[in-house]
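A.B. asks: Data file input.cif (mmCIF, C-alpha atoms) is appended below.
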data_query
#
loop_
_atom_site.label_atom_id
_atom_site.label_comp_id
_atom_site.auth_asym_id
_atom_site.auth_seq_id
_atom_site.Cartn_x
_atom_site.Cartn_y
_atom_site.Cartn_z
CA MET A 3 -45.50 44.21 -98.13
CA ARG A 4 -45.43 42.08 -101.24
CA LEU A 5 -42.20 40.40 -100.11
CA ARG A 6 -44.11 38.73 -97.31
CA GLY A 7 -46.59 37.37 -99.86
CA SER A 8 -43.75 35.96 -101.96
CA GLY A 9 -42.31 34.30 -98.87
CA GLU A 10 -45.62 32.69 -97.98
CA LYS A 11 -45.97 31.38 -101.51
CA GLU A 12 -42.44 29.93 -101.50
CA GLY A 13 -42.61 28.64 -97.92
CA ARG A 14 -39.78 30.96 -96.91
CA ASP A 15 -39.63 33.45 -94.08
CA TYR A 16 -38.03 36.70 -95.21
CA ASP A 17 -36.80 39.25 -92.68
CA LEU A 18 -38.87 42.31 -93.51
CA GLY A 19 -37.02 44.39 -90.94
CA ALA A 20 -33.90 44.12 -93.10
CA VAL A 21 -35.74 45.83 -95.94
CA THR A 22 -36.19 49.12 -94.10
CA SER A 23 -32.74 48.90 -92.54
CA ASP A 24 -29.53 50.02 -94.22
CA SER A 25 -27.98 46.67 -93.41
CA GLY A 26 -29.03 43.12 -92.73
CA ASP A 27 -29.94 40.01 -94.65
CA ALA A 28 -33.59 39.71 -95.63
CA GLY A 29 -32.96 36.12 -96.73
CA VAL A 30 -33.53 36.76 -100.42
CA ASP A 31 -31.18 34.96 -102.83
CA GLN A 32 -28.28 37.24 -103.82
CA GLY A 33 -29.73 39.81 -101.41
CA ALA A 34 -26.44 41.58 -100.69
CA THR A 35 -25.79 42.20 -104.38
CA LEU A 36 -29.36 43.31 -105.02
CA ARG A 37 -29.21 45.64 -102.03
CA ALA A 38 -25.96 47.24 -103.14
CA LEU A 39 -27.15 47.77 -106.71
CA THR A 40 -30.48 49.20 -105.58
CA GLU A 41 -29.03 51.57 -103.02
CA ALA A 42 -26.45 52.95 -105.43
CA ALA A 43 -29.10 53.49 -108.10
CA ILE A 44 -31.57 55.25 -105.83
CA ARG A 45 -28.89 57.34 -104.12
CA SER A 46 -27.53 58.38 -107.54
CA GLU A 47 -24.10 57.01 -106.70
CA TRP A 48 -23.27 56.45 -110.35
CA ASP A 49 -19.52 55.82 -110.11
CA LEU A 50 -20.10 53.25 -107.38
CA LEU A 51 -22.90 51.70 -109.39
CA ASP A 52 -20.66 51.37 -112.45
CA SER A 53 -18.28 49.28 -110.36
CA LEU A 54 -21.03 47.27 -108.66
CA ARG A 55 -22.71 46.57 -111.97
CA GLY A 56 -19.50 45.16 -113.42
CA ASP A 57 -19.08 42.87 -110.42
CA ALA A 58 -22.74 41.83 -110.55
CA PHE A 59 -22.43 40.85 -114.21
CA THR A 60 -20.04 38.18 -112.95
CA THR A 61 -21.76 37.08 -109.76
CA LEU A 62 -25.42 37.58 -110.62
CA GLY A 63 -25.34 37.53 -114.40
CA GLU A 64 -25.87 40.25 -116.95
CA GLN A 65 -29.58 39.67 -117.50
CA GLN A 66 -30.34 39.42 -113.77
CA THR A 67 -28.39 42.59 -113.06
CA VAL A 68 -30.21 44.50 -115.76
CA ASP A 69 -33.55 43.15 -114.55
CA ALA A 70 -32.86 44.11 -110.94
CA LEU A 71 -32.02 47.66 -112.01
CA THR A 72 -35.11 47.66 -114.21
CA VAL A 73 -37.27 47.03 -111.15
CA ALA A 74 -35.40 49.64 -109.13
CA ALA A 75 -35.94 52.27 -111.83
CA ALA A 76 -39.66 51.53 -111.96
CA PHE A 77 -40.10 51.91 -108.24
CA ASN A 78 -38.06 55.10 -108.21
CA GLY A 79 -40.90 56.50 -110.31
CA ILE A 80 -43.93 54.88 -108.77
CA THR A 81 -42.99 55.74 -105.19
CA ARG A 82 -42.94 59.36 -106.28
CA VAL A 83 -46.42 59.01 -107.78
CA ALA A 84 -47.67 57.74 -104.42
CA ASP A 85 -45.87 60.49 -102.52
CA SER A 86 -47.03 63.21 -104.94
CA THR A 87 -50.69 62.25 -104.70
CA GLY A 88 -50.93 61.26 -101.03
CA ILE A 89 -52.59 58.01 -101.95
CA PRO A 90 -53.63 56.00 -98.87
CA LEU A 91 -52.92 52.32 -98.38
CA ASP A 92 -55.52 49.98 -99.82
CA ASP A 93 -57.96 48.95 -97.10
CA ALA A 94 -57.07 45.26 -97.26
CA MET A 95 -53.36 46.02 -97.23
CA ALA A 96 -53.73 48.44 -94.33
CA GLU A 97 -55.51 45.80 -92.25
CA ALA A 98 -53.08 43.03 -93.14
CA THR A 99 -49.91 44.99 -92.48
CA THR A 100 -50.67 46.85 -89.24
CA SER A 101 -48.13 44.98 -87.14
CA ILE A 102 -45.49 44.82 -89.88
CA ARG A 103 -45.67 48.55 -90.48
CA ALA A 104 -45.23 49.24 -86.80
CA ALA A 105 -42.38 46.74 -86.43
CA THR A 106 -40.44 47.89 -89.47
CA GLY A 107 -40.87 51.61 -88.93
CA ILE A 108 -42.89 52.14 -92.10
CA ASP A 109 -45.55 54.01 -90.13
CA GLN A 110 -43.15 56.93 -89.78
CA TYR A 111 -43.50 57.44 -93.54
CA SER A 112 -47.23 58.15 -93.31
CA TYR A 113 -48.29 61.50 -94.72
CA ALA A 114 -49.64 62.69 -91.38
CA GLU A 115 -46.33 61.82 -89.69
CA LYS A 116 -44.39 63.59 -92.41
CA SER A 117 -46.53 66.72 -92.15
CA ALA A 118 -46.05 66.79 -88.39
CA ARG A 119 -42.30 66.41 -88.84
CA TYR A 120 -41.56 68.67 -91.78
CA ASP A 121 -44.28 71.31 -92.24
CA LEU A 122 -43.44 74.63 -90.59
CA MET B 244 -33.40 55.71 -127.45
CA TYR B 245 -31.42 52.62 -126.37
CA THR B 246 -28.40 51.96 -128.58
CA HIS B 247 -26.31 49.45 -126.66
CA GLU B 248 -25.57 45.80 -126.16
CA LEU B 249 -27.32 45.32 -122.83
CA PRO B 250 -30.08 42.70 -122.60
CA LEU B 251 -33.09 44.98 -122.31
CA ARG B 252 -36.39 43.53 -123.44
CA SER B 253 -37.91 44.94 -126.60
CA ASN B 254 -41.29 45.62 -124.97
CA LEU B 255 -39.53 47.88 -122.47
CA THR B 256 -37.45 49.81 -124.99
CA GLU B 257 -40.46 50.24 -127.25
CA ALA B 258 -42.60 51.45 -124.35
CA HIS B 259 -39.99 53.97 -123.32
CA ALA B 260 -39.65 55.28 -126.85
CA LEU B 261 -43.41 55.67 -127.04
CA SER B 262 -43.54 57.47 -123.69
CA TRP B 263 -40.77 59.82 -124.75
CA ARG B 264 -42.73 60.77 -127.83
CA SER B 265 -45.93 61.09 -125.79
CA ILE B 266 -44.31 63.47 -123.34
CA ALA B 267 -43.47 65.81 -126.21
CA GLU B 268 -47.07 65.98 -127.38
CA PRO B 269 -49.74 68.34 -126.05
CA GLY B 270 -51.43 66.82 -123.03
CA ALA B 271 -54.70 67.43 -121.27
CA PHE B 272 -53.60 70.65 -119.56
CA TRP B 273 -49.99 71.30 -120.54
CA THR B 274 -48.54 71.95 -123.98
CA GLY B 275 -45.76 69.89 -125.52
CA PRO B 276 -43.09 72.49 -124.67
CA GLU B 277 -44.37 72.69 -121.09
CA ARG B 278 -44.30 68.91 -120.66
CA VAL B 279 -40.77 68.71 -122.05
CA GLU B 280 -39.72 71.47 -119.66
CA MET B 281 -41.10 69.39 -116.77
CA VAL B 282 -38.55 66.72 -117.68
CA ALA B 283 -35.81 69.35 -117.95
CA GLN B 284 -36.73 70.73 -114.52
CA SER B 285 -36.75 67.24 -113.04
CA ARG B 286 -33.24 66.67 -114.37
CA ALA B 287 -32.10 70.10 -113.16
CA ALA B 288 -33.23 69.23 -109.64
CA MET B 289 -30.49 66.62 -109.40
CA ASN B 290 -27.82 69.34 -109.48
CA CYS B 291 -29.82 72.24 -108.03
CA LYS B 292 -28.14 74.12 -105.16
CA LEU B 293 -31.42 75.01 -103.46
CA CYS B 294 -32.57 71.39 -103.61
CA GLU B 295 -29.25 70.28 -102.13
CA GLU B 296 -29.56 72.77 -99.26
CA ARG B 297 -33.14 71.71 -98.60
CA LYS B 298 -32.21 68.05 -98.55
CA ALA B 299 -29.60 68.77 -95.91
CA ALA B 300 -32.01 70.77 -93.74
CA LEU B 301 -34.05 69.29 -90.91
CA SER B 302 -37.18 70.47 -92.70
CA PRO B 303 -37.23 70.91 -96.48
CA PHE B 304 -39.49 73.90 -95.90
CA ALA B 305 -36.92 75.72 -93.76
CA VAL B 306 -34.83 76.83 -96.75
CA THR B 307 -36.09 79.35 -99.28
CA GLY B 308 -34.55 80.64 -102.47
CA GLU B 309 -34.61 80.14 -106.19
CA HIS B 310 -33.98 76.95 -108.09
CA ASP B 311 -31.13 76.86 -110.59
CA GLU B 312 -32.28 78.09 -113.95
CA ILE B 313 -32.43 75.72 -116.87
CA ARG B 314 -31.06 76.52 -120.29
CA GLY B 315 -33.57 78.55 -122.27
CA GLY B 316 -35.39 79.75 -119.17
CA SER B 317 -38.71 78.54 -117.83
CA ASP B 318 -42.27 78.89 -119.06
CA LEU B 319 -43.77 77.01 -116.12
CA PRO B 320 -45.25 78.69 -113.03
CA LEU B 321 -42.62 78.97 -110.29
CA VAL B 322 -44.76 77.06 -107.82
CA LEU B 323 -44.95 74.14 -110.23
CA VAL B 324 -41.20 74.24 -110.82
CA ASP B 325 -40.76 74.09 -107.06
CA ALA B 326 -43.06 71.06 -106.80
CA ILE B 327 -41.17 69.28 -109.60
CA HIS B 328 -37.83 69.88 -107.91
CA ARG B 329 -39.16 68.60 -104.60
CA ILE B 330 -40.66 65.49 -106.20
CA ARG B 331 -37.39 64.69 -107.95
CA SER B 332 -34.90 65.56 -105.24
CA ASP B 333 -36.59 64.75 -101.95
CA PRO B 334 -39.74 62.65 -102.46
CA GLY B 335 -39.66 61.17 -98.99
CA ARG B 336 -40.35 64.53 -97.41
CA LEU B 337 -43.17 65.68 -99.66
CA THR B 338 -46.20 66.79 -97.70
CA LYS B 339 -49.65 67.95 -98.72
CA SER B 340 -48.53 71.56 -98.30
CA VAL B 341 -46.61 71.24 -101.59
CA PHE B 342 -49.76 70.17 -103.40
CA ASP B 343 -51.80 72.86 -101.61
CA GLN B 344 -49.42 75.58 -102.76
CA VAL B 345 -49.76 74.46 -106.36
CA VAL B 346 -53.54 74.47 -106.22
CA ALA B 347 -53.56 77.81 -104.40
CA ALA B 348 -51.71 79.25 -107.39
CA SER B 349 -54.75 78.44 -109.55
CA ILE B 350 -53.23 75.33 -111.08
CA SER B 351 -56.02 72.79 -111.23
CA GLU B 352 -55.90 69.35 -109.62
CA PRO B 353 -55.99 67.62 -113.02
CA ALA B 354 -53.11 69.80 -114.23
CA TYR B 355 -51.13 68.78 -111.13
CA VAL B 356 -51.85 65.11 -111.79
CA GLU B 357 -50.64 65.44 -115.37
CA MET B 358 -47.38 66.94 -114.12
CA VAL B 359 -46.95 64.04 -111.68
CA SER B 360 -47.30 61.58 -114.53
CA VAL B 361 -44.89 63.34 -116.89
CA VAL B 362 -42.21 63.89 -114.26
CA ASN B 363 -42.33 60.39 -112.86
CA SER B 364 -42.45 58.68 -116.23
CA SER B 365 -39.23 60.50 -117.02
CA VAL B 366 -37.81 59.52 -113.63
CA ILE B 367 -38.20 55.86 -114.57
CA ILE B 368 -36.56 56.33 -117.96
CA ASP B 369 -33.73 58.49 -116.64
CA THR B 370 -33.05 56.22 -113.65
CA LEU B 371 -32.77 53.19 -115.89
CA HIS B 372 -30.38 54.95 -118.25
CA ARG B 373 -28.12 56.16 -115.43
CA SER B 374 -28.29 52.81 -113.66
CA LEU B 375 -27.08 51.01 -116.77
CA GLY B 376 -24.27 53.51 -117.35
CA LEU B 377 -25.99 55.03 -120.37
CA SER B 378 -26.17 58.72 -121.24
CA LEU B 379 -29.53 60.30 -120.56
CA PRO B 380 -31.67 60.48 -123.68
CA GLU B 381 -31.88 63.89 -125.25
CA LEU B 382 -35.06 65.76 -124.44
CA PRO B 383 -37.72 65.00 -127.01
CA GLU B 384 -38.60 67.72 -129.48
CA ALA B 385 -41.82 69.28 -128.29
CA ARG B 386 -44.77 69.26 -130.64
CA GLU B 387 -47.07 72.20 -130.94
CA GLY B 388 -50.80 71.84 -130.53
CA GLU B 389 -53.73 72.52 -128.28
CA VAL B 390 -54.30 70.86 -124.94
CA SER B 391 -57.38 68.64 -124.78
CA GLY B 392 -58.69 69.75 -121.38
CA SER B 393 -59.90 66.20 -120.91
CA TYR B 394 -60.25 64.75 -117.44
CA ASN B 395 -62.36 62.26 -115.52
CA THR B 396 -65.36 64.03 -114.01
CA ALA B 397 -66.36 60.83 -112.21
CA ALA B 398 -63.24 60.69 -110.05
CA VAL B 399 -63.93 60.23 -106.33
CA ASP B 400 -62.47 61.20 -102.98
CA ARG B 401 -60.67 58.24 -101.41
CA GLY B 402 -58.56 60.17 -98.94
CA ALA B 403 -55.74 61.06 -101.34
CA TRP B 404 -54.77 64.65 -102.04
CA VAL B 405 -56.52 64.42 -105.39
CA PRO B 406 -59.72 62.73 -106.55
CA VAL B 407 -58.99 59.22 -107.84
CA LEU B 408 -60.47 56.67 -110.20
CA ASP B 409 -63.69 55.12 -108.96
CA ALA B 410 -63.19 51.34 -109.00
CA ASP B 411 -64.34 48.15 -107.34
CA GLN B 412 -62.41 46.93 -104.32
CA ASP B 413 -62.55 43.22 -105.19
CA LEU B 414 -59.54 41.29 -103.94
CA PHE B 415 -57.27 38.99 -105.95
CA ASP B 416 -56.02 35.81 -104.30
CA THR B 417 -52.80 37.73 -103.66
CA GLY B 418 -54.76 39.78 -101.12
CA MET B 419 -54.34 42.85 -103.29
CA PRO B 420 -57.34 44.75 -104.64
CA SER B 421 -58.01 44.21 -108.33
CA VAL B 422 -57.46 47.93 -108.81
CA PRO B 423 -54.99 49.06 -106.14
CA ASN B 424 -54.97 52.67 -105.05
CA ILE B 425 -51.72 53.37 -106.87
CA LEU B 426 -53.46 52.52 -110.15
CA ARG B 427 -56.30 54.81 -109.16
CA SER B 428 -54.10 57.70 -107.96
CA MET B 429 -53.87 59.53 -111.28
CA GLY B 430 -57.33 58.47 -112.43
CA LEU B 431 -58.42 62.09 -112.55
CA VAL B 432 -56.58 62.33 -115.87
CA PRO B 433 -56.82 59.19 -118.02
CA SER B 434 -53.98 60.24 -120.31
CA ALA B 435 -51.74 60.61 -117.24
CA VAL B 436 -52.53 57.03 -116.21
CA GLN B 437 -51.81 55.85 -119.74
CA LEU B 438 -48.46 57.62 -119.98
CA PHE B 439 -47.15 56.49 -116.62
CA PHE B 440 -48.24 52.88 -116.72
CA GLN B 441 -47.16 52.29 -120.29
CA THR B 442 -43.72 53.31 -119.01
CA PHE B 443 -43.91 51.30 -115.77
CA ARG B 444 -45.62 48.10 -116.86
CA PRO B 445 -42.71 46.39 -118.70
CA HIS B 446 -40.62 46.72 -115.52
CA TYR B 447 -42.68 44.75 -113.04
CA ALA B 448 -45.66 42.49 -112.36
CA LEU B 449 -47.41 41.63 -109.10
CA VAL B 450 -47.31 37.92 -109.90
CA ASP B 451 -45.33 35.73 -112.32
CA ILE B 452 -42.89 38.52 -113.02
CA PRO B 453 -41.55 38.10 -116.58
CA LEU B 454 -37.94 38.80 -115.65
CA SER B 455 -34.86 36.67 -114.96
CA ILE B 456 -34.97 37.45 -111.23
CA SER B 457 -37.50 35.79 -108.94
CA GLN B 458 -40.66 37.44 -107.68
CA ALA B 459 -39.12 37.60 -104.19
CA GLN B 460 -35.96 39.24 -105.51
CA ALA B 461 -38.04 41.79 -107.40
CA GLU B 462 -40.15 42.46 -104.29
CA PHE B 463 -36.99 42.93 -102.25
CA VAL B 464 -35.63 45.50 -104.70
CA ALA B 465 -39.02 47.24 -104.86
CA ALA B 466 -39.38 47.33 -101.09
CA ARG B 467 -35.84 48.60 -100.66
CA VAL B 468 -36.55 51.47 -103.09
CA SER B 469 -39.73 52.28 -101.19
CA ALA B 470 -37.76 52.43 -97.95
CA LEU B 471 -34.99 54.56 -99.43
CA ASN B 472 -37.57 56.98 -100.82
CA GLU B 473 -39.50 56.82 -97.51
CA CYS B 474 -42.67 55.92 -99.34
CA PHE B 475 -45.59 54.94 -97.12
CA TYR B 476 -47.62 53.29 -99.85
#
Could you write out this structure as structure tokens?
C.D. replies:
Amino acid sequence: MRLRGSGEKEGRDYDLGAVTSDSGDAGVDQGATLRALTEAAIRSEWDLLDSLRGDAFTTLGEQQTVDALTVAAAFNGITRVADSTGIPLDDAMAEATTSIRAATGIDQYSYAEKSARYDL
Amino acid sequence: MYTHELPLRSNLTEAHALSWRSIAEPGAFWTGPERVEMVAQSRAAMNCKLCEERKAALSPFAVTGEHDEIRGGSDLPLVLVDAIHRIRSDPGRLTKSVFDQVVAASISEPAYVEMVSVVNSSVIIDTLHRSLGLSLPELPEAREGEVSGSYNTAAVDRGAWVPVLDADQDLFDTGMPSVPNILRSMGLVPSAVQLFFQTFRPHYALVDIPLSISQAQAEFVAARVSALNECFY
């Protein structure tokens, strides 16, 4: 997870478990606002997002709000590229994140796990 | 494409405009009209009854039926339309069987990769518009012309569903490979890589992100999207 790398660089310890959870504080600045904006955007909750965006313009700032949604939009596309091509984790990343993936539940998203769960 | 007062960076709006025009042009394996229809099908998936029923089912493969028709009808193979709808509406539950069904219908791996690029480039553009409260851009006007048939014959098997770009595995000091697998994933079709990453690149950087939010805030948003979309990578 890149968030862990950012934390190491900044000398901060982010809670990665909060990232895969629908609640919780990862320890990122303005995390609650970023979480709410991101979840509404990815869940296509447009009316809610209209309201959240207006609030965020005040609390976070217009540019920061737009930039956060810019990142969310990008990853809404690139995650689909990964999931449409079955691309495996990079070797170095796979080795470095073994325990994190297990602890945060990310392993359940592996393609083999998904096939076992969903294919008939 | 963007006529508003919001503080979007010019490199992003210019990249999106270029991608929109590129989608409408003949590609390596799909014509301009076919590529524009891929975007239309992706949009249709958001209000498609079959997609909604599948998303509510324990397995997305337990529900059969027909996808809602789009205006003007479809010129794409049904199996490809089905793959597009699944990619757009329920990406977290995609399995290799979806890809296998496309290939079994005599649609080549490079043609599949091109579709992935077109659909997901449009996902980025559409998501940003909706997220900012903007109307979706009108579909681009398709341009006639011949497909190039061009693809990378030197692509290699790296354990993905499709052959990928052959590249060194040198590591940056970030611990990431200099060419991560996601950059290699569509390497079977160079024009697909070009289209997608010209759309994506102004949105994000692995280090020194050129946005008003911090790298950690960007990584948090990115990781949260990955979790919501149940993306392993």
A.B. asks: If the PyMOL selection byres ((chain B and resi 374-380) around 7) were run on this exact file, what residues would it hold? Put them as a ChimeraX atom specification.
C.D. replies: /A:43,51-52,71 /B:244,369-373,381-382
A.B. asks: Work out how far atom CA of B:Val468 is from atom CA of B:Lys298, in Å to one decimal.
C.D. replies: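 That distance, rounded to one decimal, is 17.7 Å.
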A.B. asks: Once you count all atoms listed in the file, which residues of chain B turn out to be within 7 Å of chain A? Could you give them as a PyMOL selection string?
C.D. replies: chain B and resi 250+302-304+330+334+336-338+359+363-364+366-367+370-371+374+376+402-405+419+423-425+428+443+446-447+454-456+458-470+473-476
A.B. asks: Let me see the file: selected residues, C-alpha atoms, as a PDB file, keeping the file's coordinate frame.
C.D. replies:
ATOM      1  CA  PRO B 250     -30.080  42.700-122.600  1.00  0.00           C
ATOM      2  CA  SER B 302     -37.180  70.470 -92.700  1.00  0.00           C
ATOM      3  CA  PRO B 303     -37.230  70.910 -96.480  1.00  0.00           C
ATOM      4  CA  PHE B 304     -39.490  73.900 -95.900  1.00  0.00           C
ATOM      5  CA  ILE B 330     -40.660  65.490-106.200  1.00  0.00           C
ATOM      6  CA  PRO B 334     -39.740  62.650-102.460  1.00  0.00           C
ATOM      7  CA  ARG B 336     -40.350  64.530 -97.410  1.00  0.00           C
ATOM      8  CA  LEU B 337     -43.170  65.680 -99.660  1.00  0.00           C
ATOM      9  CA  THR B 338     -46.200  66.790 -97.700  1.00  0.00           C
ATOM     10  CA  VAL B 359     -46.950  64.040-111.680  1.00  0.00           C
ATOM     11  CA  ASN B 363     -42.330  60.390-112.860  1.00  0.00           C
ATOM     12  CA  SER B 364     -42.450  58.680-116.230  1.00  0.00           C
ATOM     13  CA  VAL B 366     -37.810  59.520-113.630  1.00  0.00           C
ATOM     14  CA  ILE B 367     -38.200  55.860-114.570  1.00  0.00           C
ATOM     15  CA  THR B 370     -33.050  56.220-113.650  1.00  0.00           C
ATOM     16  CA  LEU B 371     -32.770  53.190-115.890  1.00  0.00           C
ATOM     17  CA  SER B 374     -28.290  52.810-113.660  1.00  0.00           C
ATOM     18  CA  GLY B 376     -24.270  53.510-117.350  1.00  0.00           C
ATOM     19  CA  GLY B 402     -58.560  60.170 -98.940  1.00  0.00           C
ATOM     20  CA  ALA B 403     -55.740  61.060-101.340  1.00  0.00           C
ATOM     21  CA  TRP B 404     -54.770  64.650-102.040  1.00  0.00           C
ATOM     22  CA  VAL B 405     -56.520  64.420-105.390  1.00  0.00           C
ATOM     23  CA  MET B 419     -54.340  42.850-103.290  1.00  0.00           C
ATOM     24  CA  PRO B 423     -54.990  49.060-106.140  1.00  0.00           C
ATOM     25  CA  ASN B 424     -54.970  52.670-105.050  1.00  0.00           C
ATOM     26  CA  ILE B 425     -51.720  53.370-106.870  1.00  0.00           C
ATOM     27  CA  SER B 428     -54.100  57.700-107.960  1.00  0.00           C
ATOM     28  CA  PHE B 443     -43.910  51.300-115.770  1.00  0.00           C
ATOM     29  CA  HIS B 446     -40.620  46.720-115.520  1.00  0.00           C
ATOM     30  CA  TYR B 447     -42.680  44.750-113.040  1.00  0.00           C
ATOM     31  CA  LEU B 454     -37.940  38.800-115.650  1.00  0.00           C
ATOM     32  CA  SER B 455     -34.860  36.670-114.960  1.00  0.00           C
ATOM     33  CA  ILE B 456     -34.970  37.450-111.230  1.00  0.00           C
ATOM     34  CA  GLN B 458     -40.660  37.440-107.680  1.00  0.00           C
ATOM     35  CA  ALA B 459     -39.120  37.600-104.190  1.00  0.00           C
ATOM     36  CA  GLN B 460     -35.960  39.240-105.510  1.00  0.00           C
ATOM     37  CA  ALA B 461     -38.040  41.790-107.400  1.00  0.00           C
ATOM     38  CA  GLU B 462     -40.150  42.460-104.290  1.00  0.00           C
ATOM     39  CA  PHE B 463     -36.990  42.930-102.250  1.00  0.00           C
ATOM     40  CA  VAL B 464     -35.630  45.500-104.700  1.00  0.00           C
ATOM     41  CA  ALA B 465     -39.020  47.240-104.860  1.00  0.00           C
ATOM     42  CA  ALA B 466     -39.380  47.330-101.090  1.00  0.00           C
ATOM     43  CA  ARG B 467     -35.840  48.600-100.660  1.00  0.00           C
ATOM     44  CA  VAL B 468     -36.550  51.470-103.090  1.00  0.00           C
ATOM     45  CA  SER B 469     -39.730  52.280-101.190  1.00  0.00           C
ATOM     46  CA  ALA B 470     -37.760  52.430 -97.950  1.00  0.00           C
ATOM     47  CA  GLU B 473     -39.500  56.820 -97.510  1.00  0.00           C
ATOM     48  CA  CYS B 474     -42.670  55.920 -99.340  1.00  0.00           C
ATOM     49  CA  PHE B 475     -45.590  54.940 -97.120  1.00  0.00           C
ATOM     50  CA  TYR B 476     -47.620  53.290 -99.850  1.00  0.00           C
TER      51      TYR B 476
END
A.B. asks: Run the PyMOL selection byres ((chain B and resi 392) around 6) against the file shown and list the residues it catches, as a PDB file with C-alpha atoms, in the coordinates of the input.
C.D. replies:
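The new file result_11.pdb reads:
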ATOM      1  CA  ALA B 271     -54.700  67.430-121.270  1.00  0.00           C
ATOM      2  CA  PHE B 272     -53.600  70.650-119.560  1.00  0.00           C
ATOM      3  CA  VAL B 390     -54.300  70.860-124.940  1.00  0.00           C
ATOM      4  CA  SER B 391     -57.380  68.640-124.780  1.00  0.00           C
ATOM      5  CA  SER B 393     -59.900  66.200-120.910  1.00  0.00           C
TER       6      SER B 393
END
A.B. asks: Taking the file above as input, evaluate the PyMOL selection byres ((chain B and resi 280) around 9) and report the hits as a list of chain:residue names.
C.D. replies: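 Given this file, the PyMOL selection byres ((chain B and resi 280) around 9) evaluates to B:Gly275, B:Pro276, B:Glu277, B:Arg278, B:Val279, B:Met281, B:Val282, B:Ala283, B:Gln284, B:Ser285, B:Ile313, B:Ser317, B:Asp318, B:Leu319, B:Leu382.
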A.B. asks: Write the residues of the preceding selection, restricted to C-alpha atoms, as an mmCIF file, in the coordinates of the input.
C.D. replies:
data_model
loop_
_atom_site.group_PDB
_atom_site.id
_atom_site.type_symbol
_atom_site.label_atom_id
_atom_site.label_comp_id
_atom_site.auth_asym_id
_atom_site.auth_seq_id
_atom_site.Cartn_x
_atom_site.Cartn_y
_atom_site.Cartn_z
ATOM 1 C CA GLY B 275 -45.760 69.890 -125.520
ATOM 2 C CA PRO B 276 -43.090 72.490 -124.670
ATOM 3 C CA GLU B 277 -44.370 72.690 -121.090
ATOM 4 C CA ARG B 278 -44.300 68.910 -120.660
ATOM 5 C CA VAL B 279 -40.770 68.710 -122.050
ATOM 6 C CA MET B 281 -41.100 69.390 -116.770
ATOM 7 C CA VAL B 282 -38.550 66.720 -117.680
ATOM 8 C CA ALA B 283 -35.810 69.350 -117.950
ATOM 9 C CA GLN B 284 -36.730 70.730 -114.520
ATOM 10 C CA SER B 285 -36.750 67.240 -113.040
ATOM 11 C CA ILE B 313 -32.430 75.720 -116.870
ATOM 12 C CA SER B 317 -38.710 78.540 -117.830
ATOM 13 C CA ASP B 318 -42.270 78.890 -119.060
ATOM 14 C CA LEU B 319 -43.770 77.010 -116.120
ATOM 15 C CA LEU B 382 -35.060 65.760 -124.440
#
A.B. asks: B:Asp411: which residues within 12 Å, counting all atoms listed in the file, same-chain residues fewer than 2 positions away excluded, as a VMD selection string?
C.D. replies: (chain A and resid 92) or (chain B and resid 408 to 409 413 to 415 420 to 424 427)
A.B. asks: Suppose you want the space between atom CA of B:Glu387 and atom CA of B:Thr256; what is it in Å?
C.D. replies: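 Pair atom CA of B:Glu387 / atom CA of B:Thr256 returns 25.1 Å.
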A.B. asks: Would you list the contacts of B:Gln437 as a list in words, taking every protein, DNA or RNA residue within 12 Å and counting all atoms listed in the file, but skipping same-chain residues closer than 2 positions in sequence?
C.D. replies: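 Final neighbour list, sorted by chain and number: Ala258, Leu261, Ser262, Ser265, Ile266, Gly270, Glu357, Ser360, Val361, Ser364, Leu426, Arg427, Met429, Gly430, Leu431, Val432, Pro433, Ser434, Ala435, Phe439, Phe440, Gln441, Thr442, Phe443 and Arg444 of chain B.
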A.B. asks: For atom CA of A:Thr61 and atom CA of B:Ile452, quote the distance in Å rounded to one decimal.
C.D. replies: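 Taking atom CA of A:Thr61 as the start and atom CA of B:Ile452 as the end point, the length is 21.4 Å.
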A.B. asks: For B:Val345, please output as a PDB file with C-alpha atoms, keeping the file's coordinate frame all residues within 10 Å (counting all atoms listed in the file; exclusion window: fewer than 2 positions along the same chain).
C.D. replies:
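The resulting part-v8.pdb:
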ATOM      1  CA  PRO B 320     -45.250  78.690-113.030  1.00  0.00           C
ATOM      2  CA  LEU B 321     -42.620  78.970-110.290  1.00  0.00           C
ATOM      3  CA  VAL B 322     -44.760  77.060-107.820  1.00  0.00           C
ATOM      4  CA  LEU B 323     -44.950  74.140-110.230  1.00  0.00           C
ATOM      5  CA  VAL B 324     -41.200  74.240-110.820  1.00  0.00           C
ATOM      6  CA  ASP B 325     -40.760  74.090-107.060  1.00  0.00           C
ATOM      7  CA  ALA B 326     -43.060  71.060-106.800  1.00  0.00           C
ATOM      8  CA  SER B 340     -48.530  71.560 -98.300  1.00  0.00           C
ATOM      9  CA  VAL B 341     -46.610  71.240-101.590  1.00  0.00           C
ATOM     10  CA  PHE B 342     -49.760  70.170-103.400  1.00  0.00           C
ATOM     11  CA  ASP B 343     -51.800  72.860-101.610  1.00  0.00           C
ATOM     12  CA  ALA B 347     -53.560  77.810-104.400  1.00  0.00           C
ATOM     13  CA  ALA B 348     -51.710  79.250-107.390  1.00  0.00           C
ATOM     14  CA  SER B 349     -54.750  78.440-109.550  1.00  0.00           C
ATOM     15  CA  ILE B 350     -53.230  75.330-111.080  1.00  0.00           C
ATOM     16  CA  SER B 351     -56.020  72.790-111.230  1.00  0.00           C
ATOM     17  CA  GLU B 352     -55.900  69.350-109.620  1.00  0.00           C
ATOM     18  CA  ALA B 354     -53.110  69.800-114.230  1.00  0.00           C
ATOM     19  CA  TYR B 355     -51.130  68.780-111.130  1.00  0.00           C
TER      20      TYR B 355
END
